[in-house]
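One structure below.
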Amino acid sequence: MGDANGDGTIDEVDLGMLKTLLSAPFDFGLDPGWIVRLDVFPDGKLDEWDVAALEAYLKGLFLTLPVGDVNYDWKLTTVDIKLARAGILGTRILRNFQVRQADINANGGLTTLDLTLMRRLILGLGYSR
Ligand SMILES: [Ca+2]
Ligand SMILES: [Ca+2]
Ligand SMILES: [Ca+2]
């Protein structure tokens with residue numbers, strides 16, 4: 001995920017493609033394949049949050065995509081939420097890279113807000129501002 005042009009790496013080119021897609025007029029409709037590849041802030045649509053997540057990834061804030069993938073299976077699921085919650089409660093020690101994955105809003109800390117965001121994404125509710 002995040003590899004827009006399918007060349008096996010995620011880099012500035014993919015970020016540029018995402019930005020171009022978002023700035024293009026949508027009256028022709030967006031190929032669902034783009035959403036599959038670039039919905040790195042996984043809520044079923046492409047918007048500025050995916051740009052932010054991809055930028056954070058390129059800066060090394062996230063080690064894999066989509067954001068919130070704590071157990072590194074390339075998906076954001078309830079398993080990831082359970083892991084993140086256990087990390088917050090201290091019932092499970094998360095590795096540093098897992099904490100970074102779970103810090104879904106990339107603000108430098110893993111809190112219940114990140115859990116809420118993960119839950120909203122899984123439910124398809126998106127990010128509420
Ligand atoms: Ca998205
Ligand atoms: Ca996962
Ligand atoms: Ca956070």
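Quick note on naming: the chains in the structure tokens go A, B, ... in the order shown, residues restart at 1 in each chain, and ligands are numbered from 1 in order of appearance.
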
List as an NGL selection string the protein and nucleic acid residues near stretch 65-68 of chain A, meaning an atom at most 10 Å away when only C-alpha atoms are counted, but skip any in the same chain fewer than 6 places from it.
:A and (1-3 or 10 or 37-42 or 50 or 53-54 or 56-57 or 74-77 or 80-81 or 84 or 98-106 or 114-115 or 117-118 or 121)

Expected file: the selected residues, C-alpha atoms, as an mmCIF file, in the first residue's frame:
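What landed in out.cif:
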```
data_model
loop_
_atom_site.group_PDB
_atom_site.id
_atom_site.type_symbol
_atom_site.label_atom_id
_atom_site.label_comp_id
_atom_site.auth_asym_id
_atom_site.auth_seq_id
_atom_site.Cartn_x
_atom_site.Cartn_y
_atom_site.Cartn_z
ATOM 1 C CA MET A 1 0.000 0.000 0.000
ATOM 2 C CA GLY A 2 1.213 3.480 -0.871
ATOM 3 C CA ASP A 3 2.987 2.268 -3.988
ATOM 4 C CA ILE A 10 7.140 4.039 -1.855
ATOM 5 C CA ARG A 37 -3.248 1.409 -3.530
ATOM 6 C CA LEU A 38 -3.256 4.818 -1.905
ATOM 7 C CA ASP A 39 -5.798 4.689 0.912
ATOM 8 C CA VAL A 40 -2.953 4.675 3.449
ATOM 9 C CA PHE A 41 -5.148 6.416 6.019
ATOM 10 C CA PRO A 42 -7.656 3.648 5.434
ATOM 11 C CA ASP A 50 -3.765 10.076 3.021
ATOM 12 C CA ALA A 53 0.060 9.754 6.221
ATOM 13 C CA LEU A 54 2.217 9.214 3.144
ATOM 14 C CA ALA A 56 4.754 10.956 7.556
ATOM 15 C CA TYR A 57 5.814 7.582 6.161
ATOM 16 C CA TRP A 74 -0.556 -4.756 5.996
ATOM 17 C CA LYS A 75 -4.084 -4.267 7.292
ATOM 18 C CA LEU A 76 -5.760 -2.164 9.948
ATOM 19 C CA THR A 77 -8.068 -4.468 11.872
ATOM 20 C CA ASP A 80 -4.344 -3.760 15.815
ATOM 21 C CA ILE A 81 -6.747 -1.853 18.048
ATOM 22 C CA ALA A 84 -2.677 -0.613 20.822
ATOM 23 C CA GLN A 98 4.623 -0.717 17.096
ATOM 24 C CA VAL A 99 3.925 2.383 19.165
ATOM 25 C CA ARG A 100 4.859 4.489 16.149
ATOM 26 C CA GLN A 101 2.447 2.539 13.968
ATOM 27 C CA ALA A 102 -0.325 2.928 16.517
ATOM 28 C CA ASP A 103 0.224 6.678 16.834
ATOM 29 C CA ILE A 104 -2.170 7.058 13.961
ATOM 30 C CA ASN A 105 -2.382 10.849 14.032
ATOM 31 C CA ALA A 106 1.437 11.033 14.194
ATOM 32 C CA ASP A 114 -5.529 7.085 18.425
ATOM 33 C CA LEU A 115 -7.744 4.141 19.416
ATOM 34 C CA LEU A 117 -9.410 7.112 15.222
ATOM 35 C CA MET A 118 -8.588 3.485 14.411
ATOM 36 C CA LEU A 121 -11.472 4.100 10.220
#
```

Let me make sure I understand: among A:Ala52, A:Lys45, A:Phe97, A:Ala86, which one has the smallest atom-to-atom distance to ligand 1 if we use only C-alpha atoms and all ligand atoms?
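Selected residue with least distance to ligand 1: A:Lys45.
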
With distances taken over only C-alpha atoms, which residue among A:Ala4, A:Leu46, A:Val36, A:Leu83 lies nearest A:Leu22?
A:Leu46

May I ask for the distance between atom CA of A:Asp73 and atom CA of A:Gly33, given in Å to one decimal place?
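Atom-to-atom, atom CA of A:Asp73 and atom CA of A:Gly33 are spaced 19.9 Å apart.
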
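Distances here use only C-alpha atoms and all ligand atoms; by that measure, the residue among A:Val51, A:Leu123, A:Tyr72, A:Lys19 closest to ligand 2 is A:Tyr72.
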
Using DSSP on the backbone coordinates, identify all residues within chain A classified as helix (DSSP H, G or I); present the result as a PyMOL selection string.
chain A and resi 12-23+26-28+32-38+48-58+78-89+96-102+112-122

At what distance in Å, to one decimal, does atom CA of A:Leu63 lie from atom CA of A:Arg92?
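One can read the atom CA of A:Arg92 to atom CA of A:Leu63 distance as 20.4 Å.
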
Do a neighbour search on A:Gly124 at 9 Å with only C-alpha atoms, toss out local chain neighbours closer than 4 positions, and write the hits as a PyMOL selection string.
chain A and resi 42-44+119-120

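In this model, the gap between atom CA of A:Leu15 and atom CA of A:Ile122 comes to 23.4 Å.
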
Who sits within 10 Å of A:Glu12, only C-alpha atoms, same chain under 3 positions skipped, as a PyMOL selection string
chain A and resi 9+15-18+54-55+58

Produce a file of the selected residues containing C-alpha atoms, as a PDB file, in the first residue's frame.
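So the final result, stored in selection.pdb, reads:
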```
ATOM      1  CA  THR A   9       9.039   1.253  -3.545  1.00  0.00           C
ATOM      2  CA  LEU A  15       3.242  11.098  -3.092  1.00  0.00           C
ATOM      3  CA  GLY A  16       3.205  13.271  -6.201  1.00  0.00           C
ATOM      4  CA  MET A  17       0.758  10.945  -7.920  1.00  0.00           C
ATOM      5  CA  LEU A  18      -1.564  11.031  -4.921  1.00  0.00           C
ATOM      6  CA  LEU A  54       2.217   9.214   3.144  1.00  0.00           C
ATOM      7  CA  GLU A  55       4.332  12.250   4.006  1.00  0.00           C
ATOM      8  CA  LEU A  58       8.406   9.192   3.884  1.00  0.00           C
TER       9      LEU A  58
END
```
